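One file, coords.txt, is given below (compact mmCIF, C-alpha atoms and all ligand atoms).
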# COMPACT_ATOMS: atom_id res chain seq x y z
CA MET F 1 16.72 12.26 8.94
CA LEU F 2 14.40 10.79 6.30
CA LYS F 3 11.60 13.08 5.25
CA ILE F 4 8.29 11.68 3.96
CA LEU F 5 5.88 13.97 2.15
CA GLY F 6 2.24 12.92 2.16
CA LYS F 7 -0.91 12.39 4.16
CA ARG F 8 -1.34 9.86 6.98
CA SER F 9 -4.59 8.50 5.53
CA SER F 10 -3.08 7.74 2.10
CA ILE F 11 -2.58 4.01 1.49
CA ASN F 12 0.67 4.67 -0.35
CA VAL F 13 2.05 6.93 2.37
CA ARG F 14 1.05 4.31 4.96
CA LYS F 15 3.22 1.76 3.16
CA VAL F 16 6.27 3.95 3.70
CA LEU F 17 5.44 4.77 7.33
CA TRP F 18 4.88 1.07 8.07
CA ALA F 19 8.16 0.11 6.35
CA CYS F 20 10.01 2.69 8.47
CA ALA F 21 8.51 1.08 11.57
CA GLU F 22 9.53 -2.43 10.44
CA LEU F 23 13.08 -1.20 9.79
CA GLY F 24 13.28 0.96 12.94
CA LEU F 25 13.91 4.16 10.96
CA SER F 26 13.18 7.57 12.38
CA HIS F 27 11.56 9.96 9.96
CA GLN F 28 9.73 13.21 9.72
CA LEU F 29 6.31 13.38 8.02
CA GLU F 30 5.45 16.60 6.20
CA GLU F 31 1.70 16.70 5.51
CA TRP F 32 0.79 17.20 1.83
CA GLY F 33 -2.40 16.43 -0.08
CA SER F 34 -6.06 17.46 0.11
CA GLY F 35 -6.74 19.39 3.32
CA CYS F 36 -2.96 20.00 3.81
CA SER F 37 -0.33 21.57 1.53
CA ASP F 38 -1.33 21.43 -2.12
CA VAL F 39 0.48 18.85 -4.26
CA ASN F 40 -0.57 20.70 -7.43
CA THR F 41 2.07 23.36 -7.00
CA ASP F 42 5.34 23.94 -8.81
CA ALA F 43 7.21 23.35 -5.55
CA PHE F 44 5.72 19.87 -5.07
CA LYS F 45 5.82 18.97 -8.78
CA ALA F 46 9.53 19.75 -8.80
CA LEU F 47 9.81 16.76 -6.43
CA ASN F 48 7.21 14.54 -8.12
CA PRO F 49 5.90 15.68 -11.52
CA ASN F 50 2.89 13.38 -11.03
CA ALA F 51 1.69 15.60 -8.15
CA MET F 52 1.25 12.51 -6.01
CA MET F 53 2.40 11.32 -2.64
CA PRO F 54 4.39 9.78 -1.09
CA VAL F 55 7.71 11.42 -1.82
CA LEU F 56 10.79 10.38 0.13
CA ILE F 57 13.67 12.80 0.69
CA ASP F 58 16.90 11.25 1.92
CA GLY F 59 19.50 14.01 1.95
CA ASP F 60 19.89 15.11 -1.65
CA PHE F 61 18.04 12.05 -2.99
CA VAL F 62 14.36 12.39 -3.89
CA LEU F 63 12.23 9.32 -4.70
CA TRP F 64 8.57 8.81 -5.56
CA GLU F 65 6.48 5.67 -6.27
CA SER F 66 5.63 3.92 -3.01
CA ASN F 67 6.84 0.40 -3.82
CA ALA F 68 10.15 1.79 -5.14
CA ILE F 69 10.50 3.63 -1.83
CA LEU F 70 9.91 0.39 0.09
CA ARG F 71 12.66 -1.36 -1.88
CA TYR F 72 15.04 1.57 -1.44
CA LEU F 73 14.54 1.69 2.32
CA ALA F 74 15.05 -2.06 2.70
CA ASN F 75 18.16 -1.97 0.48
CA CYS F 76 19.70 0.92 2.40
CA HIS F 77 18.86 -0.17 5.92
CA GLY F 78 19.61 -3.86 6.24
CA GLY F 79 16.14 -4.99 5.27
CA SER F 80 17.08 -8.36 3.76
CA ALA F 81 14.54 -10.11 5.99
CA LEU F 82 11.86 -7.97 4.31
CA TYR F 83 13.47 -7.99 0.87
CA PRO F 84 15.67 -11.06 0.44
CA LEU F 85 18.95 -10.92 -1.48
CA GLU F 86 18.62 -14.40 -2.99
CA PRO F 87 17.35 -13.77 -6.56
CA ARG F 88 14.36 -16.11 -6.57
CA ALA F 89 13.16 -15.11 -3.11
CA ARG F 90 13.54 -11.44 -4.10
CA ALA F 91 11.70 -12.01 -7.38
CA ARG F 92 8.79 -13.56 -5.46
CA VAL F 93 8.52 -10.42 -3.29
CA ASP F 94 8.74 -8.24 -6.44
CA GLN F 95 6.04 -10.30 -8.13
CA TRP F 96 3.50 -9.59 -5.37
CA LEU F 97 4.58 -5.94 -4.97
CA ASP F 98 4.02 -5.35 -8.69
CA TRP F 99 0.74 -7.28 -8.64
CA GLN F 100 -0.50 -5.09 -5.80
CA ALA F 101 0.46 -1.85 -7.55
CA SER F 102 -1.05 -2.82 -10.89
CA ASP F 103 -3.75 -5.52 -10.87
CA LEU F 104 -5.05 -5.40 -7.31
CA ASN F 105 -5.00 -1.60 -6.83
CA GLY F 106 -6.40 -1.06 -10.31
CA ALA F 107 -9.35 -3.33 -9.49
CA TRP F 108 -10.52 -1.77 -6.23
CA ARG F 109 -9.94 1.93 -6.89
CA TYR F 110 -13.36 2.78 -8.36
CA ALA F 111 -15.38 0.83 -5.77
CA PHE F 112 -13.37 2.30 -2.89
CA MET F 113 -13.80 5.87 -4.17
CA ALA F 114 -17.55 5.28 -4.61
CA LEU F 115 -18.38 3.35 -1.42
CA VAL F 116 -15.92 4.81 1.11
CA ARG F 117 -14.91 8.25 -0.14
CA HIS F 118 -18.38 8.91 -1.69
CA SER F 119 -16.60 10.73 -4.48
CA PRO F 120 -19.02 12.57 -6.83
CA GLU F 121 -16.83 11.50 -9.79
CA HIS F 122 -17.37 7.84 -8.93
CA GLY F 123 -21.17 7.68 -8.93
CA ASP F 124 -21.73 5.13 -11.71
CA ALA F 125 -23.28 1.99 -10.16
CA GLN F 126 -22.29 -0.24 -13.09
CA GLN F 127 -18.67 0.81 -12.86
CA THR F 128 -18.74 0.22 -9.11
CA GLN F 129 -20.04 -3.31 -9.69
CA ARG F 130 -17.41 -3.98 -12.36
CA SER F 131 -14.74 -2.79 -9.93
CA LEU F 132 -16.12 -5.05 -7.17
CA ASP F 133 -16.20 -8.04 -9.55
CA ALA F 134 -12.57 -7.49 -10.54
CA TRP F 135 -11.58 -6.97 -6.90
CA HIS F 136 -13.26 -10.27 -5.90
CA ARG F 137 -11.45 -12.05 -8.71
CA PHE F 138 -8.03 -10.84 -7.53
CA MET F 139 -8.84 -11.51 -3.89
CA ARG F 140 -9.56 -15.12 -4.85
CA VAL F 141 -6.08 -15.25 -6.41
CA LEU F 142 -4.70 -14.01 -3.09
CA GLU F 143 -6.78 -16.57 -1.19
CA GLY F 144 -5.24 -19.36 -3.30
CA ARG F 145 -1.74 -18.07 -2.64
CA LEU F 146 -2.28 -17.81 1.11
CA VAL F 147 -3.71 -21.33 1.23
CA ASP F 148 -0.43 -22.48 -0.37
CA THR F 149 1.94 -20.55 1.91
CA GLY F 150 -0.19 -20.82 5.07
CA ALA F 151 1.39 -17.54 6.14
CA TYR F 152 2.45 -14.55 4.02
CA VAL F 153 2.23 -13.67 0.33
CA ALA F 154 5.86 -14.29 -0.61
CA GLY F 155 6.26 -17.35 1.62
CA GLU F 156 6.65 -18.27 5.26
CA THR F 157 7.94 -14.92 6.48
CA PHE F 158 6.68 -11.35 6.44
CA SER F 159 8.14 -9.26 3.56
CA LEU F 160 7.75 -5.90 1.83
CA ALA F 161 5.01 -7.48 -0.26
CA ASP F 162 2.89 -7.91 2.87
CA ILE F 163 3.07 -4.19 3.57
CA ALA F 164 1.61 -3.39 0.15
CA VAL F 165 -0.82 -6.31 -0.10
CA GLY F 166 -1.74 -6.07 3.61
CA LEU F 167 -2.87 -2.47 3.15
CA SER F 168 -5.00 -3.45 0.16
CA VAL F 169 -6.54 -6.24 2.28
CA HIS F 170 -7.24 -3.64 4.97
CA ARG F 171 -9.15 -1.63 2.35
CA TRP F 172 -11.10 -4.74 1.39
CA TYR F 173 -12.38 -5.12 4.93
CA GLN F 174 -13.02 -1.38 5.34
CA THR F 175 -15.18 -1.11 2.22
CA PRO F 176 -18.87 -1.77 2.88
CA PHE F 177 -20.22 -4.57 0.62
CA GLU F 178 -21.06 -8.22 1.11
CA HIS F 179 -17.66 -9.90 1.40
CA PRO F 180 -17.37 -13.47 0.11
CA HIS F 181 -15.83 -15.93 2.59
CA LEU F 182 -12.08 -16.07 2.08
CA ASP F 183 -10.77 -17.95 5.11
CA ALA F 184 -7.06 -17.71 4.33
CA VAL F 185 -7.38 -13.96 3.69
CA ASP F 186 -9.23 -13.57 7.04
CA ASP F 187 -6.41 -15.39 8.85
CA TYR F 188 -3.81 -13.33 7.00
CA TYR F 189 -5.51 -10.08 7.96
CA ARG F 190 -5.46 -11.14 11.62
CA ARG F 191 -1.69 -11.76 11.35
CA ILE F 192 -1.08 -8.45 9.60
CA GLU F 193 -3.16 -6.22 11.88
CA ARG F 194 -1.19 -7.36 14.95
CA ARG F 195 2.05 -5.82 13.70
CA ALA F 196 3.23 -2.73 15.56
CA GLY F 197 3.88 -0.76 12.35
CA PHE F 198 0.36 -1.46 11.12
CA ILE F 199 -1.17 -0.47 14.46
CA ALA F 200 0.89 2.73 14.60
CA HIS F 201 0.29 3.97 11.06
CA CYS F 202 -2.46 2.12 9.22
CA THR F 203 -5.59 2.23 11.34
CA GLY F 204 -7.96 5.17 11.74
CA VAL F 205 -9.40 7.09 8.78
CA PRO F 206 -9.84 4.66 5.85
N1 LIG F 301 1.72 4.82 -7.94
C1 LIG F 301 1.80 5.84 -6.93
C2 LIG F 301 0.40 6.30 -6.61
C3 LIG F 301 0.40 7.43 -5.62
C4 LIG F 301 -1.00 7.92 -5.33
O1 LIG F 301 -2.01 7.50 -5.96
N2 LIG F 301 -1.07 8.82 -4.37
C5 LIG F 301 -2.34 9.45 -4.03
C6 LIG F 301 -2.64 9.21 -2.54
S1 LIG F 301 -2.81 7.48 -2.15
C7 LIG F 301 -2.22 10.94 -4.23
O2 LIG F 301 -1.16 11.50 -4.05
N3 LIG F 301 -3.31 11.62 -4.59
C8 LIG F 301 -3.31 13.05 -4.74
C9 LIG F 301 -3.98 13.75 -3.57
O3 LIG F 301 -4.56 13.06 -2.70
O4 LIG F 301 -3.92 14.98 -3.50
C10 LIG F 301 2.50 5.27 -5.69
O5 LIG F 301 2.35 4.07 -5.42
O6 LIG F 301 3.22 6.01 -5.00

Write the structure described by the file as structure tokens, please.
Ligand SMILES: N[C@@H](CCC(=O)N[C@@H](CS)C(=O)NCC(=O)O)C(=O)O
Amino acid sequence: MLKILGKRSSINVRKVLWACAELGLSHQLEEWGSGCSDVNTDAFKALNPNAMMPVLIDGDFVLWESNAILRYLANCHGGSALYPLEPRARARVDQWLDWQASDLNGAWRYAFMALVRHSPEHGDAQQTQRSLDAWHRFMRVLEGRLVDTGAYVAGETFSLADIAVGLSVHRWYQTPFEHPHLDAVDDYYRRIERRAGFIAHCTGVP
């Protein structure tokens, strides 16, 4: 049985739980992170030296980095609908997965920590505004893409990229600030939040 180490409220753990639901994979979640078992221990760092979750354990194989875990699960469990085999279609999914992990996530992190988590280390109003400005800029890129596809980020069908980007979009709507109108993103979010895996694992505590 697959074992996932991490906390249910973590966006990166949610990706993996949602992917398991899309692929019909049973798994066991072991709770790690603040308020649960401490990731800053030698035992956890032997699994992931970054002291971060999620970690996937599949028999004697240990893997960290959420988007790598998504790809692994799809590759191992017949997930070609989520992660196509055809090189260009696959590259398009990879493009949006990498964009989410680097540009999009990097933009919203400070604002989310300040406005939702109320983190004392994220109390600088100017940095919050800079983070919001960058977040808006990338969300407009997403809006343009969704206008083009009329459906999902990599094209007409739901893919791994929608798990990662969809969770970032969820954060966008959960963070309290004046949201600019992005009609295609609104429609996308309505499509995403109807999925059983999202409902099961991605709602509740932001
Ligand atoms: N790039 C990593 C980032 C992982 C990450 O930032 N994990 C956070 C939770 S979302 C974490 O483990 N934080 C430490 C903690 O909460 O104790 C991934 O995508 O897996």

Kindly compile the residues surrounding ligand LIG 301 (chain F) within 9 Å, counting all atoms listed in the file, and format them as a PDB file with C-alpha atoms, keeping the file's coordinate frame.
ATOM      1  CA  GLY F   6       2.240  12.920   2.160  1.00  0.00           C
ATOM      2  CA  LYS F   7      -0.910  12.390   4.160  1.00  0.00           C
ATOM      3  CA  SER F   9      -4.590   8.500   5.530  1.00  0.00           C
ATOM      4  CA  SER F  10      -3.080   7.740   2.100  1.00  0.00           C
ATOM      5  CA  ILE F  11      -2.580   4.010   1.490  1.00  0.00           C
ATOM      6  CA  ASN F  12       0.670   4.670  -0.350  1.00  0.00           C
ATOM      7  CA  VAL F  13       2.050   6.930   2.370  1.00  0.00           C
ATOM      8  CA  ARG F  14       1.050   4.310   4.960  1.00  0.00           C
ATOM      9  CA  LYS F  15       3.220   1.760   3.160  1.00  0.00           C
ATOM     10  CA  TRP F  32       0.790  17.200   1.830  1.00  0.00           C
ATOM     11  CA  GLY F  33      -2.400  16.430  -0.080  1.00  0.00           C
ATOM     12  CA  SER F  34      -6.060  17.460   0.110  1.00  0.00           C
ATOM     13  CA  GLY F  35      -6.740  19.390   3.320  1.00  0.00           C
ATOM     14  CA  CYS F  36      -2.960  20.000   3.810  1.00  0.00           C
ATOM     15  CA  ASP F  38      -1.330  21.430  -2.120  1.00  0.00           C
ATOM     16  CA  VAL F  39       0.480  18.850  -4.260  1.00  0.00           C
ATOM     17  CA  ASN F  40      -0.570  20.700  -7.430  1.00  0.00           C
ATOM     18  CA  ASN F  50       2.890  13.380 -11.030  1.00  0.00           C
ATOM     19  CA  ALA F  51       1.690  15.600  -8.150  1.00  0.00           C
ATOM     20  CA  MET F  52       1.250  12.510  -6.010  1.00  0.00           C
ATOM     21  CA  MET F  53       2.400  11.320  -2.640  1.00  0.00           C
ATOM     22  CA  PRO F  54       4.390   9.780  -1.090  1.00  0.00           C
ATOM     23  CA  VAL F  55       7.710  11.420  -1.820  1.00  0.00           C
ATOM     24  CA  TRP F  64       8.570   8.810  -5.560  1.00  0.00           C
ATOM     25  CA  GLU F  65       6.480   5.670  -6.270  1.00  0.00           C
ATOM     26  CA  SER F  66       5.630   3.920  -3.010  1.00  0.00           C
ATOM     27  CA  ASN F  67       6.840   0.400  -3.820  1.00  0.00           C
ATOM     28  CA  ALA F  68      10.150   1.790  -5.140  1.00  0.00           C
ATOM     29  CA  ILE F  69      10.500   3.630  -1.830  1.00  0.00           C
ATOM     30  CA  ALA F 101       0.460  -1.850  -7.550  1.00  0.00           C
ATOM     31  CA  SER F 102      -1.050  -2.820 -10.890  1.00  0.00           C
TER      32      SER F 102
END

Selection near Arg109 in chain F, 12 Å with all atoms listed in the file, sequence-local residues under 5 positions removed, as a PyMOL selection string:
chain F and resi 11+100-104+114-117+119+122+127-132+134-135+168+171-172+175

Provide an axis-aligned box for all listed atoms of range 138-143 of chain F, padding each side by 8 Å; report its centre and its edge lengths in Å to one decimal, as JSON.
{"center_x": -7.1, "center_y": -13.7, "center_z": -4.4, "size_x": 20.9, "size_y": 21.7, "size_z": 22.3}

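The coordinates place CA of Tyr188 in chain F at 12.2 Å from CA of Asp148 in chain F.
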
Just checking: using all atoms listed in the file, which residue out of F:Asp98, F:Glu30, F:Asp162, F:Glu156 ends up closest to Ile57 in chain F?
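Nearest candidate to Ile57 in chain F out of F:Asp98, F:Glu30, F:Asp162, F:Glu156: F:Glu30.
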
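From CA of Asp186 in chain F back to CA of Ala81 in chain F, the distance works out to 24.0 Å.
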
Between CA of Asp94 in chain F and CA of Ile192 in chain F, what is the distance, to one decimal in Å?
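Atom-to-atom, CA of Asp94 in chain F and CA of Ile192 in chain F are spaced 18.8 Å apart.
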
Final N, CA and C atoms of range 17-51 of chain F as a short mmCIF file (atom, residue, chain, number, x, y, z; two decimals), in the coordinates of the input:
data_model
loop_
_atom_site.label_atom_id
_atom_site.label_comp_id
_atom_site.auth_asym_id
_atom_site.auth_seq_id
_atom_site.Cartn_x
_atom_site.Cartn_y
_atom_site.Cartn_z
N LEU F 17 5.37 4.61 5.87
CA LEU F 17 5.44 4.77 7.33
C LEU F 17 5.58 3.40 8.01
N TRP F 18 4.84 2.42 7.50
CA TRP F 18 4.88 1.07 8.07
C TRP F 18 6.26 0.46 7.84
N ALA F 19 6.81 0.65 6.64
CA ALA F 19 8.16 0.11 6.35
C ALA F 19 9.19 0.73 7.29
N CYS F 20 9.08 2.04 7.53
CA CYS F 20 10.01 2.69 8.47
C CYS F 20 9.91 2.03 9.84
N ALA F 21 8.69 1.72 10.26
CA ALA F 21 8.51 1.08 11.57
C ALA F 21 9.15 -0.31 11.58
N GLU F 22 8.95 -1.08 10.50
CA GLU F 22 9.53 -2.43 10.44
C GLU F 22 11.06 -2.37 10.48
N LEU F 23 11.61 -1.32 9.88
CA LEU F 23 13.08 -1.20 9.79
C LEU F 23 13.67 -0.38 10.94
N GLY F 24 12.80 0.15 11.81
CA GLY F 24 13.28 0.96 12.94
C GLY F 24 13.89 2.29 12.51
N LEU F 25 13.33 2.91 11.49
CA LEU F 25 13.91 4.16 10.96
C LEU F 25 13.15 5.37 11.47
N SER F 26 13.88 6.34 12.01
CA SER F 26 13.18 7.57 12.38
C SER F 26 12.99 8.42 11.13
N HIS F 27 11.93 9.18 11.15
CA HIS F 27 11.56 9.96 9.96
C HIS F 27 10.72 11.14 10.41
N GLN F 28 10.59 12.06 9.46
CA GLN F 28 9.73 13.21 9.72
C GLN F 28 8.66 13.21 8.63
N LEU F 29 7.39 13.34 9.01
CA LEU F 29 6.31 13.38 8.02
C LEU F 29 5.88 14.82 7.80
N GLU F 30 5.95 15.26 6.55
CA GLU F 30 5.45 16.60 6.20
C GLU F 30 4.12 16.40 5.50
N GLU F 31 3.05 17.00 6.02
CA GLU F 31 1.70 16.70 5.51
C GLU F 31 1.40 17.45 4.20
N TRP F 32 1.17 16.67 3.15
CA TRP F 32 0.79 17.20 1.83
C TRP F 32 -0.45 16.44 1.37
N GLY F 33 -1.22 17.07 0.46
CA GLY F 33 -2.40 16.43 -0.08
C GLY F 33 -3.65 17.18 0.33
N SER F 34 -4.83 16.69 -0.13
CA SER F 34 -6.06 17.46 0.11
C SER F 34 -6.26 17.73 1.60
N GLY F 35 -6.58 18.99 1.91
CA GLY F 35 -6.74 19.39 3.32
C GLY F 35 -5.42 19.84 3.95
N CYS F 36 -4.29 19.57 3.29
CA CYS F 36 -2.96 20.00 3.81
C CYS F 36 -2.30 20.84 2.70
N SER F 37 -0.98 20.81 2.61
CA SER F 37 -0.33 21.57 1.53
C SER F 37 -0.69 20.97 0.17
N ASP F 38 -0.83 21.83 -0.80
CA ASP F 38 -1.33 21.43 -2.12
C ASP F 38 -0.23 20.76 -2.96
N VAL F 39 -0.53 19.54 -3.44
CA VAL F 39 0.48 18.85 -4.26
C VAL F 39 0.52 19.39 -5.70
N ASN F 40 -0.54 20.13 -6.08
CA ASN F 40 -0.57 20.70 -7.43
C ASN F 40 0.10 22.06 -7.48
N THR F 41 1.30 22.11 -6.98
CA THR F 41 2.07 23.36 -7.00
C THR F 41 3.41 23.07 -7.67
N ASP F 42 4.03 24.13 -8.17
CA ASP F 42 5.34 23.94 -8.81
C ASP F 42 6.34 23.36 -7.82
N ALA F 43 6.24 23.81 -6.56
CA ALA F 43 7.21 23.35 -5.55
C ALA F 43 7.10 21.83 -5.37
N PHE F 44 5.87 21.31 -5.27
CA PHE F 44 5.72 19.87 -5.07
C PHE F 44 6.05 19.11 -6.36
N LYS F 45 5.59 19.66 -7.50
CA LYS F 45 5.82 18.97 -8.78
C LYS F 45 7.29 18.94 -9.17
N ALA F 46 8.08 19.82 -8.57
CA ALA F 46 9.53 19.75 -8.80
C ALA F 46 10.08 18.47 -8.14
N LEU F 47 9.38 17.99 -7.12
CA LEU F 47 9.81 16.76 -6.43
C LEU F 47 9.18 15.53 -7.09
N ASN F 48 7.90 15.63 -7.41
CA ASN F 48 7.21 14.54 -8.12
C ASN F 48 6.30 15.15 -9.17
N PRO F 49 6.68 15.05 -10.45
CA PRO F 49 5.90 15.68 -11.52
C PRO F 49 4.49 15.10 -11.64
N ASN F 50 4.24 13.96 -11.01
CA ASN F 50 2.89 13.38 -11.03
C ASN F 50 1.95 14.06 -10.04
N ALA F 51 2.48 14.95 -9.20
CA ALA F 51 1.69 15.60 -8.15
C ALA F 51 1.03 14.56 -7.25
#
